[in-house]
$ cat input.pdb   # PDB, C-alpha atoms
ATOM      1  CA  MET A   1     -69.872   5.346 -38.929
ATOM      2  CA  ASN A   2     -66.558   6.243 -40.459
ATOM      3  CA  ASN A   3     -66.565   9.750 -39.000
ATOM      4  CA  SER A   4     -67.323   8.482 -35.500
ATOM      5  CA  SER A   5     -64.507   5.950 -35.630
ATOM      6  CA  VAL A   6     -62.050   8.645 -36.684
ATOM      7  CA  ASN A   7     -63.154  10.900 -33.853
ATOM      8  CA  VAL A   8     -62.666   8.105 -31.307
ATOM      9  CA  THR A   9     -59.234   6.972 -32.432
ATOM     10  CA  ALA A  10     -57.700  10.406 -32.975
ATOM     11  CA  PRO A  11     -57.588  11.480 -29.295
ATOM     12  CA  SER A  12     -56.041   8.130 -28.282
ATOM     13  CA  ALA A  13     -53.286   8.531 -30.858
ATOM     14  CA  VAL A  14     -52.560  12.024 -29.580
ATOM     15  CA  MET A  15     -52.354  10.764 -25.999
ATOM     16  CA  GLU A  16     -49.924   8.027 -26.994
ATOM     17  CA  GLU A  17     -47.714  10.567 -28.751
ATOM     18  CA  GLU A  18     -47.728  12.805 -25.649
ATOM     19  CA  LYS A  19     -46.763   9.857 -23.429
ATOM     20  CA  ALA A  20     -43.930   8.967 -25.800
ATOM     21  CA  GLU A  21     -42.650  12.558 -25.673
ATOM     22  CA  GLN A  22     -42.806  12.553 -21.877
ATOM     23  CA  LYS A  23     -40.774   9.357 -21.786
ATOM     24  CA  VAL A  24     -38.160  10.852 -24.061
ATOM     25  CA  LYS A  25     -37.937  14.072 -22.057
ATOM     26  CA  LYS A  26     -37.717  12.260 -18.692
ATOM     27  CA  PRO A  27     -34.473  13.351 -16.958
ATOM     28  CA  LEU A  28     -31.769  10.946 -15.773
ATOM     29  CA  PRO A  29     -32.191   9.544 -12.254
ATOM     30  CA  LEU A  30     -30.349  11.497  -9.586
ATOM     31  CA  TRP A  31     -28.104   8.554  -8.672
ATOM     32  CA  VAL A  32     -26.814   8.411 -12.266
ATOM     33  CA  ILE A  33     -25.998  12.134 -12.183
ATOM     34  CA  TYR A  34     -24.148  11.748  -8.863
ATOM     35  CA  VAL A  35     -22.205   8.624  -9.865
ATOM     36  CA  LEU A  36     -21.339   9.636 -13.436
ATOM     37  CA  PRO A  37     -18.440  12.052 -12.615
ATOM     38  CA  SER A  38     -16.756   9.503 -10.344
ATOM     39  CA  MET A  39     -17.255   6.749 -12.894
ATOM     40  CA  LEU A  40     -15.756   8.868 -15.654
ATOM     41  CA  ILE A  41     -12.703   9.668 -13.523
ATOM     42  CA  PHE A  42     -12.363   5.988 -12.575
ATOM     43  CA  LEU A  43     -12.626   4.858 -16.191
ATOM     44  CA  ILE A  44     -10.181   7.467 -17.511
ATOM     45  CA  PHE A  45      -7.512   7.285 -14.800
ATOM     46  CA  VAL A  46      -7.796   3.663 -13.592
ATOM     47  CA  ILE A  47      -9.502   1.257 -15.989
ATOM     48  CA  TYR A  48      -8.071   2.675 -19.228
ATOM     49  CA  PRO A  49      -4.438   2.833 -17.987
ATOM     50  CA  PHE A  50      -4.769  -0.678 -16.548
ATOM     51  CA  LEU A  51      -6.034  -2.139 -19.823
ATOM     52  CA  LYS A  52      -3.504  -0.097 -21.810
ATOM     53  CA  ASN A  53      -0.718  -1.470 -19.605
ATOM     54  CA  ILE A  54      -1.806  -5.057 -20.267
ATOM     55  CA  VAL A  55      -1.870  -4.438 -24.012
ATOM     56  CA  THR A  56       1.537  -2.714 -23.987
ATOM     57  CA  SER A  57       3.089  -5.635 -22.080
ATOM     58  CA  ALA A  58       2.494  -7.822 -25.155
ATOM     59  CA  PHE A  59       4.331  -5.491 -27.555
ATOM     60  CA  ALA A  60       7.797  -4.209 -28.260
ATOM     61  CA  THR A  61       7.872  -0.410 -28.130
ATOM     62  CA  SER A  62       9.919   2.468 -29.459
ATOM     63  CA  ASN A  63      11.698   5.030 -27.288
ATOM     64  CA  THR A  64       8.597   7.225 -27.472
ATOM     65  CA  GLY A  65       6.322   4.458 -26.188
ATOM     66  CA  SER A  66       4.534   3.666 -29.452
ATOM     67  CA  LEU A  67       3.809  -0.005 -30.134
ATOM     68  CA  THR A  68       6.061  -1.477 -32.832
ATOM     69  CA  SER A  69       5.551  -5.246 -32.958
ATOM     70  CA  PHE A  70       3.530  -7.897 -31.170
ATOM     71  CA  VAL A  71       5.724 -10.171 -29.033
ATOM     72  CA  GLY A  72       3.118 -12.025 -26.973
ATOM     73  CA  LEU A  73       4.538 -13.352 -23.712
ATOM     74  CA  SER A  74       8.167 -12.670 -24.623
ATOM     75  CA  ASN A  75       8.451  -9.749 -22.182
ATOM     76  CA  TYR A  76       7.287 -11.985 -19.337
ATOM     77  CA  ILE A  77       9.573 -14.847 -20.363
ATOM     78  CA  ASP A  78      12.557 -12.502 -20.564
ATOM     79  CA  LEU A  79      11.858 -11.234 -17.048
ATOM     80  CA  PHE A  80      11.552 -14.646 -15.430
ATOM     81  CA  THR A  81      14.713 -15.873 -17.163
ATOM     82  CA  ASP A  82      16.675 -12.777 -16.118
ATOM     83  CA  PRO A  83      18.804 -13.528 -13.005
ATOM     84  CA  GLN A  84      18.786  -9.838 -12.077
ATOM     85  CA  TYR A  85      14.988  -9.676 -12.021
ATOM     86  CA  LEU A  86      14.804 -12.879  -9.986
ATOM     87  CA  GLN A  87      17.182 -11.248  -7.501
ATOM     88  CA  ILE A  88      14.889  -8.214  -7.407
ATOM     89  CA  LEU A  89      11.914 -10.447  -6.597
ATOM     90  CA  LYS A  90      13.925 -11.999  -3.778
ATOM     91  CA  ASN A  91      14.937  -8.557  -2.475
ATOM     92  CA  THR A  92      11.289  -7.461  -2.463
ATOM     93  CA  VAL A  93      10.192 -10.518  -0.486
ATOM     94  CA  ILE A  94      13.001 -10.083   2.062
ATOM     95  CA  TYR A  95      12.237  -6.368   2.394
ATOM     96  CA  THR A  96       8.538  -7.109   2.957
ATOM     97  CA  VAL A  97       9.270  -9.802   5.550
ATOM     98  CA  LEU A  98      11.624  -7.454   7.403
ATOM     99  CA  THR A  99       9.432  -4.358   7.412
ATOM    100  CA  VAL A 100       5.791  -5.424   7.754
ATOM    101  CA  PRO A 101       5.892  -7.570  10.943
ATOM    102  CA  LEU A 102       8.258  -5.209  12.761
ATOM    103  CA  THR A 103       6.230  -2.136  11.803
ATOM    104  CA  VAL A 104       3.018  -3.701  13.097
ATOM    105  CA  VAL A 105       4.544  -5.094  16.307
ATOM    106  CA  ILE A 106       6.406  -1.898  17.232
ATOM    107  CA  SER A 107       3.369   0.269  16.473
ATOM    108  CA  LEU A 108       1.157  -1.992  18.585
ATOM    109  CA  MET A 109       3.550  -1.921  21.535
ATOM    110  CA  LEU A 110       3.845   1.872  21.394
ATOM    111  CA  ALA A 111       0.060   2.224  21.156
ATOM    112  CA  VAL A 112      -0.539  -0.083  24.131
ATOM    113  CA  LEU A 113       2.098   1.615  26.285
ATOM    114  CA  SER A 114       0.889   5.135  25.486
ATOM    115  CA  CYS A 115      -2.859   4.443  25.734
ATOM    116  CA  THR A 116      -3.086   5.672  29.322
ATOM    117  CA  ASP A 117      -4.119   8.894  31.010
ATOM    118  CA  ARG A 118      -0.870   9.449  32.866
ATOM    119  CA  PRO A 119       0.504  13.013  32.936
ATOM    120  CA  GLY A 120       2.754  13.885  29.995
ATOM    121  CA  MET A 121       1.629  10.937  27.876
ATOM    122  CA  GLY A 122       0.421  13.333  25.159
ATOM    123  CA  ILE A 123       4.048  14.283  24.473
ATOM    124  CA  PHE A 124       4.938  10.666  23.746
ATOM    125  CA  ARG A 125       1.884  10.252  21.509
ATOM    126  CA  THR A 126       3.007  13.243  19.492
ATOM    127  CA  ILE A 127       6.537  11.840  19.191
ATOM    128  CA  PHE A 128       5.353   8.369  18.174
ATOM    129  CA  SER A 129       3.086   9.737  15.439
ATOM    130  CA  SER A 130       5.447  12.482  14.259
ATOM    131  CA  THR A 131       6.870  10.477  11.334
ATOM    132  CA  MET A 132       3.567  10.998   9.521
ATOM    133  CA  GLY A 133       4.564  14.637   9.071
ATOM    134  CA  ILE A 134       7.980  13.835   7.608
ATOM    135  CA  SER A 135       8.305  13.484   3.843
ATOM    136  CA  VAL A 136      10.294  10.673   2.249
ATOM    137  CA  ALA A 137      12.838  13.198   0.943
ATOM    138  CA  ALA A 138      13.420  14.800   4.348
ATOM    139  CA  GLY A 139      13.593  11.440   6.100
ATOM    140  CA  SER A 140      16.058  10.149   3.508
ATOM    141  CA  VAL A 141      18.360  13.149   4.006
ATOM    142  CA  PHE A 142      18.254  12.659   7.779
ATOM    143  CA  TRP A 143      19.095   8.955   7.613
ATOM    144  CA  ASN A 144      21.688   9.490   4.904
ATOM    145  CA  LEU A 145      23.591  11.653   7.369
ATOM    146  CA  LEU A 146      23.300   8.987  10.089
ATOM    147  CA  PHE A 147      24.500   6.282   7.668
ATOM    148  CA  HIS A 148      27.445   8.313   6.325
ATOM    149  CA  PRO A 149      30.564   6.075   6.365
ATOM    150  CA  THR A 150      32.869   8.672   7.956
ATOM    151  CA  ALA A 151      30.775  11.478   9.439
ATOM    152  CA  GLY A 152      27.701   9.458  10.378
ATOM    153  CA  LEU A 153      26.630   9.177  13.992
ATOM    154  CA  LEU A 154      26.032   5.432  13.750
ATOM    155  CA  ASN A 155      29.626   4.695  12.764
ATOM    156  CA  HIS A 156      30.892   6.974  15.530
ATOM    157  CA  VAL A 157      28.933   4.848  18.002
ATOM    158  CA  VAL A 158      30.303   1.645  16.469
ATOM    159  CA  GLN A 159      33.867   2.967  16.668
ATOM    160  CA  PHE A 160      33.320   4.116  20.264
ATOM    161  CA  PHE A 161      32.660   0.501  21.233
ATOM    162  CA  GLY A 162      35.763  -0.681  19.364
ATOM    163  CA  GLY A 163      34.176  -1.730  16.085
ATOM    164  CA  GLU A 164      35.060  -0.823  12.512
ATOM    165  CA  SER A 165      33.092   1.532  10.298
ATOM    166  CA  ILE A 166      30.222  -0.111   8.448
ATOM    167  CA  GLY A 167      29.079   0.808   4.955
ATOM    168  CA  TRP A 168      25.417   0.914   5.901
ATOM    169  CA  LEU A 169      24.335   1.890   2.374
ATOM    170  CA  THR A 170      27.412   0.837   0.401
ATOM    171  CA  ASP A 171      27.838  -2.742   1.655
ATOM    172  CA  SER A 172      25.484  -5.266   0.060
ATOM    173  CA  HIS A 173      25.303  -7.165   3.370
ATOM    174  CA  TYR A 174      23.849  -4.194   5.245
ATOM    175  CA  ALA A 175      22.149  -2.016   2.622
ATOM    176  CA  LEU A 176      18.774  -3.783   2.475
ATOM    177  CA  ILE A 177      18.620  -4.021   6.274
ATOM    178  CA  SER A 178      19.400  -0.299   6.549
ATOM    179  CA  ILE A 179      16.657   0.565   4.066
ATOM    180  CA  SER A 180      14.252  -1.647   6.033
ATOM    181  CA  VAL A 181      15.065   0.210   9.265
ATOM    182  CA  VAL A 182      14.295   3.553   7.606
ATOM    183  CA  SER A 183      11.047   2.171   6.175
ATOM    184  CA  ILE A 184       9.925   0.925   9.587
ATOM    185  CA  TRP A 185      10.698   4.307  11.123
ATOM    186  CA  MET A 186       8.780   6.117   8.380
ATOM    187  CA  ASN A 187       5.659   3.911   8.613
ATOM    188  CA  ILE A 188       5.328   3.616  12.389
ATOM    189  CA  GLY A 189       3.466   6.934  12.704
ATOM    190  CA  PHE A 190       0.528   5.940  10.493
ATOM    191  CA  SER A 191       0.210   2.436  11.954
ATOM    192  CA  TYR A 192       0.453   3.845  15.471
ATOM    193  CA  LEU A 193      -2.414   6.285  14.907
ATOM    194  CA  VAL A 194      -4.677   3.608  13.421
ATOM    195  CA  LEU A 195      -4.026   1.232  16.322
ATOM    196  CA  MET A 196      -4.470   4.023  18.867
ATOM    197  CA  GLY A 197      -7.906   4.672  17.382
ATOM    198  CA  GLY A 198      -8.760   0.999  17.815
ATOM    199  CA  LEU A 199      -7.563   0.980  21.422
ATOM    200  CA  LYS A 200      -9.602   4.069  22.286
ATOM    201  CA  ASN A 201     -12.763   2.285  21.118
ATOM    202  CA  ILE A 202     -12.352  -0.596  23.589
ATOM    203  CA  ASP A 203     -14.806  -0.291  26.452
ATOM    204  CA  ASP A 204     -13.253  -0.177  29.934
ATOM    205  CA  SER A 205     -15.616  -2.912  31.121
ATOM    206  CA  HIS A 206     -13.523  -5.487  29.262
ATOM    207  CA  TYR A 207     -10.424  -4.561  31.243
ATOM    208  CA  GLU A 208     -12.405  -4.492  34.488
ATOM    209  CA  SER A 209     -13.417  -8.099  33.827
ATOM    210  CA  VAL A 210      -9.757  -9.035  33.429
ATOM    211  CA  GLU A 211      -8.887  -7.350  36.743
ATOM    212  CA  ILE A 212     -11.641  -9.317  38.472
ATOM    213  CA  VAL A 213     -10.167 -12.644  37.358
ATOM    214  CA  GLY A 214      -6.661 -11.447  38.253
ATOM    215  CA  GLY A 215      -5.211 -11.306  34.738
ATOM    216  CA  GLY A 216      -1.916  -9.504  34.198
ATOM    217  CA  PHE A 217      -0.640  -7.281  31.395
ATOM    218  CA  PHE A 218       0.104 -10.040  28.879
ATOM    219  CA  TYR A 219      -3.139 -11.865  29.652
ATOM    220  CA  ARG A 220      -5.068  -8.650  29.041
ATOM    221  CA  LEU A 221      -3.116  -8.047  25.836
ATOM    222  CA  ARG A 222      -3.714 -11.543  24.501
ATOM    223  CA  LYS A 223      -7.339 -12.046  25.560
ATOM    224  CA  VAL A 224      -8.790  -8.540  25.277
ATOM    225  CA  THR A 225      -6.656  -5.969  23.466
ATOM    226  CA  ILE A 226      -5.535  -7.879  20.371
ATOM    227  CA  PRO A 227      -8.917  -9.554  19.652
ATOM    228  CA  LEU A 228     -10.840  -6.285  20.018
ATOM    229  CA  ILE A 229      -8.487  -4.245  17.826
ATOM    230  CA  SER A 230      -8.183  -7.025  15.242
ATOM    231  CA  PRO A 231     -10.059  -4.950  12.585
ATOM    232  CA  SER A 232      -7.473  -2.184  12.988
ATOM    233  CA  LEU A 233      -4.654  -4.734  12.929
ATOM    234  CA  PHE A 234      -6.093  -6.274   9.774
ATOM    235  CA  PHE A 235      -6.183  -2.867   8.093
ATOM    236  CA  VAL A 236      -2.619  -2.003   9.167
ATOM    237  CA  VAL A 237      -1.202  -5.338   7.981
ATOM    238  CA  THR A 238      -2.947  -5.045   4.606
ATOM    239  CA  THR A 239      -1.817  -1.482   3.915
ATOM    240  CA  SER A 240       1.705  -2.244   5.145
ATOM    241  CA  LEU A 241       1.982  -5.210   2.769
ATOM    242  CA  ILE A 242       0.851  -3.132  -0.210
ATOM    243  CA  ASN A 243       3.182  -0.254   0.702
ATOM    244  CA  ALA A 244       6.132  -2.640   1.060
ATOM    245  CA  PHE A 245       5.638  -4.057  -2.436
ATOM    246  CA  GLN A 246       5.260  -0.538  -3.839
ATOM    247  CA  SER A 247       8.259   0.994  -2.057
ATOM    248  CA  PHE A 248      10.185   3.412  -4.250
ATOM    249  CA  GLY A 249      11.097   6.753  -2.643
ATOM    250  CA  LEU A 250      13.576   5.492  -0.057
ATOM    251  CA  ILE A 251      15.374   3.333  -2.605
ATOM    252  CA  ASP A 252      15.643   6.203  -5.062
ATOM    253  CA  MET A 253      16.883   8.688  -2.468
ATOM    254  CA  LEU A 254      19.307   6.491  -0.508
ATOM    255  CA  THR A 255      20.818   3.754  -2.696
ATOM    256  CA  SER A 256      19.420   3.947  -6.262
ATOM    257  CA  GLY A 257      19.070   0.172  -6.115
ATOM    258  CA  GLY A 258      22.703  -0.487  -5.239
ATOM    259  CA  PRO A 259      25.147  -1.766  -4.323
ATOM    260  CA  ASN A 260      25.080  -4.611  -6.840
ATOM    261  CA  ASN A 261      21.268  -4.497  -7.013
ATOM    262  CA  SER A 262      21.055  -5.544  -3.362
ATOM    263  CA  THR A 263      18.354  -2.932  -2.668
ATOM    264  CA  ASN A 264      16.725  -2.903  -6.105
ATOM    265  CA  LEU A 265      13.007  -3.616  -5.652
ATOM    266  CA  MET A 266      10.189  -4.280  -8.110
ATOM    267  CA  VAL A 267       8.884  -0.742  -8.464
ATOM    268  CA  TYR A 268      12.354   0.776  -8.793
ATOM    269  CA  ARG A 269      13.247  -1.691 -11.571
ATOM    270  CA  LEU A 270       9.954  -0.850 -13.284
ATOM    271  CA  TYR A 271      10.759   2.856 -13.071
ATOM    272  CA  ASN A 272      14.239   2.383 -14.546
ATOM    273  CA  ASP A 273      13.013   0.271 -17.449
ATOM    274  CA  ALA A 274      10.231   2.730 -18.282
ATOM    275  CA  PHE A 275      11.788   6.162 -17.763
ATOM    276  CA  VAL A 276      15.547   5.549 -17.945
ATOM    277  CA  ASN A 277      15.941   2.714 -20.463
ATOM    278  CA  PHE A 278      12.649   3.447 -22.316
ATOM    279  CA  ARG A 279      11.694  -0.231 -22.432
ATOM    280  CA  PHE A 280       7.984   0.368 -21.998
ATOM    281  CA  GLY A 281       6.941  -3.144 -22.998
ATOM    282  CA  SER A 282       9.099  -4.732 -20.307
ATOM    283  CA  ALA A 283       8.036  -2.098 -17.762
ATOM    284  CA  SER A 284       4.368  -2.784 -18.527
ATOM    285  CA  ALA A 285       4.935  -6.511 -18.030
ATOM    286  CA  GLN A 286       6.543  -5.749 -14.671
ATOM    287  CA  GLY A 287       3.501  -3.665 -13.758
ATOM    288  CA  VAL A 288       1.209  -6.599 -14.513
ATOM    289  CA  ILE A 289       3.420  -8.928 -12.456
ATOM    290  CA  LEU A 290       3.403  -6.465  -9.554
ATOM    291  CA  PHE A 291      -0.400  -6.231  -9.720
ATOM    292  CA  VAL A 292      -0.770 -10.018  -9.687
ATOM    293  CA  VAL A 293       1.662 -10.402  -6.765
ATOM    294  CA  ILE A 294      -0.065  -7.741  -4.655
ATOM    295  CA  PHE A 295      -3.491  -9.153  -5.516
ATOM    296  CA  LEU A 296      -2.541 -12.727  -4.576
ATOM    297  CA  VAL A 297      -0.767 -11.690  -1.366
ATOM    298  CA  SER A 298      -3.703  -9.487  -0.351
ATOM    299  CA  GLN A 299      -6.216 -12.255  -1.031
ATOM    300  CA  LEU A 300      -4.152 -14.811   0.902
ATOM    301  CA  GLN A 301      -3.686 -12.413   3.785
ATOM    302  CA  THR A 302      -7.420 -11.629   3.772
ATOM    303  CA  LYS A 303      -8.378 -15.308   3.928
ATOM    304  CA  LEU A 304      -5.944 -16.001   6.760
ATOM    305  CA  THR A 305      -6.665 -12.881   8.789
ATOM    306  CA  GLU A 306     -10.441 -12.479   8.518
ATOM    307  CA  ARG A 307     -10.930 -15.656  10.541
ATOM    308  CA  MET A 308      -9.194 -13.954  13.463
ATOM    309  CA  VAL A 309     -10.952 -10.594  13.164
ATOM    310  CA  THR A 310     -13.424  -9.826  15.969
ATOM    311  CA  TYR A 311     -16.034  -7.119  15.446
ATOM    312  CA  GLN A 312     -17.521  -5.614  18.580
TER     313      GLN A 312
END
$ encode --input "input.pdb" --output "structure tokens"
Amino acid sequence: MNNSSVNVTAPSAVMEEEKAEQKVKKPLPLWVIYVLPSMLIFLIFVIYPFLKNIVTSAFATSNTGSLTSFVGLSNYIDLFTDPQYLQILKNTVIYTVLTVPLTVVISLMLAVLSCTDRPGMGIFRTIFSSTMGISVAAGSVFWNLLFHPTAGLLNHVVQFFGGESIGWLTDSHYALISISVVSIWMNIGFSYLVLMGGLKNIDDSHYESVEIVGGGFFYRLRKVTIPLISPSLFFVVTTSLINAFQSFGLIDMLTSGGPNNSTNLMVYRLYNDAFVNFRFGSASAQGVILFVVIFLVSQLQTKLTERMVTYQ
């Protein structure tokens, strides 16, 4: 009896061991293999820096960036009690209000006017989208020459009509407006192309229905064009808002935040504190504030805009 029981149980034990080995040797699912490289890159270059930035914002740091002492919320309190930083927040809001609506409206008007099959219209489409191929550095040099107080073309035009020379980049009353004009010019190309893509996807039958009821240009624009390209408009408004809050290149190339901090924006102040003054704790706190501002504005804009978005 004992021998028979051993002979029966032994094969079952062997089979269980083989199944256990097969489970151990089973390869990873394909989706894990495909996703793992992207997840590693995301964790290393996005999640880790983000968490590190939050931690650094609660510390005082040395000139080399090493953490020296825990200060809690002191970096945030110092920022919101600093009149200069409050002025920078105001400048950023004004800059965003000036650039985003005008960029979207001008791009939409250019897209509507050029979305026809008339001869030579391709030339205008190329011109309207050409700013996408111009770097911030090249555009800044071009506009710096136009804004020059003595040799600039704009002041020559002003003087031709009997006016006095204007310090477009050196007068605190005009500097932020001048930077906003350059920003609008630089961003029109991208917004124009996105909106042109939306217009090309509108079926001609919608416009034929408008012609049947006798609707004019503005009726067609209000009842057909804008509702049907609302997804493209939503995308353009969102990206324009984020780009406005993150603007840096034009400020650095044209005014360096001057005169009298009139063009100093959030990202440029962050850059100066981190890489000029080596105040990494304060710069990290500014990064967290910038993230929160962009997140809240994007969420508010999403809630307000998605109700008006029409998907065909």
$ residues_around --input "input.pdb" --residues "Ile294 of chain A" --least-positions-apart "3" --cutoff "8 Å" --atoms "only C-alpha atoms" --output "ChimeraX atom specification"
/A:242,245,290-291,297-298
$ closest_atom_pairs --input "input.pdb" --of "segment 68-92 of chain A" --to "segment 248-261 of chain A" --cutoff "8 Å" --atoms "only C-alpha atoms" --output "Markdown table"
| residue | atom | partner | partner_atom | distance |
| --- | --- | --- | --- | --- |
| A:Gln84 | CA | A:Asn261 | CA | 7.8 |
| A:Gln87 | CA | A:Asn261 | CA | 7.9 |
| A:Ile88 | CA | A:Asn261 | CA | 7.4 |
$ resolve_selection --input "input.pdb" --expression "the PyMOL selection byres ((chain A and resi 244) around 8)" --output "list in words"
Thr92, Tyr95, Thr96, Thr99, Val100, Ser240, Leu241, Ile242, Asn243, Phe245, Gln246 and Ser247 of chain A
$ atom_distance --input "input.pdb" --atom1 "atom CA of Leu199 of chain A" --atom2 "atom CA of Thr225 of chain A"
7.3 Å
$ atom_distance --input "input.pdb" --atom1 "atom CA of Ser62 of chain A" --atom2 "atom CA of Val276 of chain A"
13.2 Å
$ resolve_selection --input "input.pdb" --expression "the PyMOL selection byres ((chain A and resi 51-60) around 12)" --output "PDB file with C-alpha atoms, keeping the file's coordinate frame"
ATOM      1  CA  LEU A  43     -12.626   4.858 -16.191  1.00  0.00           C
ATOM      2  CA  ILE A  44     -10.181   7.467 -17.511  1.00  0.00           C
ATOM      3  CA  PHE A  45      -7.512   7.285 -14.800  1.00  0.00           C
ATOM      4  CA  VAL A  46      -7.796   3.663 -13.592  1.00  0.00           C
ATOM      5  CA  ILE A  47      -9.502   1.257 -15.989  1.00  0.00           C
ATOM      6  CA  TYR A  48      -8.071   2.675 -19.228  1.00  0.00           C
ATOM      7  CA  PRO A  49      -4.438   2.833 -17.987  1.00  0.00           C
ATOM      8  CA  PHE A  50      -4.769  -0.678 -16.548  1.00  0.00           C
ATOM      9  CA  THR A  61       7.872  -0.410 -28.130  1.00  0.00           C
ATOM     10  CA  SER A  62       9.919   2.468 -29.459  1.00  0.00           C
ATOM     11  CA  ASN A  63      11.698   5.030 -27.288  1.00  0.00           C
ATOM     12  CA  THR A  64       8.597   7.225 -27.472  1.00  0.00           C
ATOM     13  CA  GLY A  65       6.322   4.458 -26.188  1.00  0.00           C
ATOM     14  CA  SER A  66       4.534   3.666 -29.452  1.00  0.00           C
ATOM     15  CA  LEU A  67       3.809  -0.005 -30.134  1.00  0.00           C
ATOM     16  CA  THR A  68       6.061  -1.477 -32.832  1.00  0.00           C
ATOM     17  CA  SER A  69       5.551  -5.246 -32.958  1.00  0.00           C
ATOM     18  CA  PHE A  70       3.530  -7.897 -31.170  1.00  0.00           C
ATOM     19  CA  VAL A  71       5.724 -10.171 -29.033  1.00  0.00           C
ATOM     20  CA  GLY A  72       3.118 -12.025 -26.973  1.00  0.00           C
ATOM     21  CA  LEU A  73       4.538 -13.352 -23.712  1.00  0.00           C
ATOM     22  CA  SER A  74       8.167 -12.670 -24.623  1.00  0.00           C
ATOM     23  CA  ASN A  75       8.451  -9.749 -22.182  1.00  0.00           C
ATOM     24  CA  TYR A  76       7.287 -11.985 -19.337  1.00  0.00           C
ATOM     25  CA  ILE A  77       9.573 -14.847 -20.363  1.00  0.00           C
ATOM     26  CA  ASP A  78      12.557 -12.502 -20.564  1.00  0.00           C
ATOM     27  CA  LEU A  79      11.858 -11.234 -17.048  1.00  0.00           C
ATOM     28  CA  ALA A 274      10.231   2.730 -18.282  1.00  0.00           C
ATOM     29  CA  PHE A 278      12.649   3.447 -22.316  1.00  0.00           C
ATOM     30  CA  ARG A 279      11.694  -0.231 -22.432  1.00  0.00           C
ATOM     31  CA  PHE A 280       7.984   0.368 -21.998  1.00  0.00           C
ATOM     32  CA  GLY A 281       6.941  -3.144 -22.998  1.00  0.00           C
ATOM     33  CA  SER A 282       9.099  -4.732 -20.307  1.00  0.00           C
ATOM     34  CA  ALA A 283       8.036  -2.098 -17.762  1.00  0.00           C
ATOM     35  CA  SER A 284       4.368  -2.784 -18.527  1.00  0.00           C
ATOM     36  CA  ALA A 285       4.935  -6.511 -18.030  1.00  0.00           C
ATOM     37  CA  GLN A 286       6.543  -5.749 -14.671  1.00  0.00           C
ATOM     38  CA  GLY A 287       3.501  -3.665 -13.758  1.00  0.00           C
ATOM     39  CA  VAL A 288       1.209  -6.599 -14.513  1.00  0.00           C
ATOM     40  CA  ILE A 289       3.420  -8.928 -12.456  1.00  0.00           C
ATOM     41  CA  LEU A 290       3.403  -6.465  -9.554  1.00  0.00           C
ATOM     42  CA  PHE A 291      -0.400  -6.231  -9.720  1.00  0.00           C
ATOM     43  CA  VAL A 292      -0.770 -10.018  -9.687  1.00  0.00           C
TER      44      VAL A 292
END
$ atom_distance --input "input.pdb" --atom1 "atom CA of Val112 of chain A" --atom2 "atom CA of Val210 of chain A"
15.9 Å
$ residues_near_point --input "input.pdb" --point "(-7.0, -7.9, 16.8)" --cutoff "10 Å" --atoms "all atoms listed in the file" --output "list in words"
Leu195, Gly198, Leu221, Arg222, Lys223, Val224, Thr225, Ile226, Pro227, Leu228, Ile229, Ser230, Pro231, Ser232, Leu233, Phe234, Thr305, Met308, Val309, Thr310 and Tyr311 of chain A
$ closest_residue --input "input.pdb" --among "A:Ile179, A:Val35, A:Leu113, A:Ile94" --to "Phe217 of chain A" --atoms "all atoms listed in the file"
A:Leu113
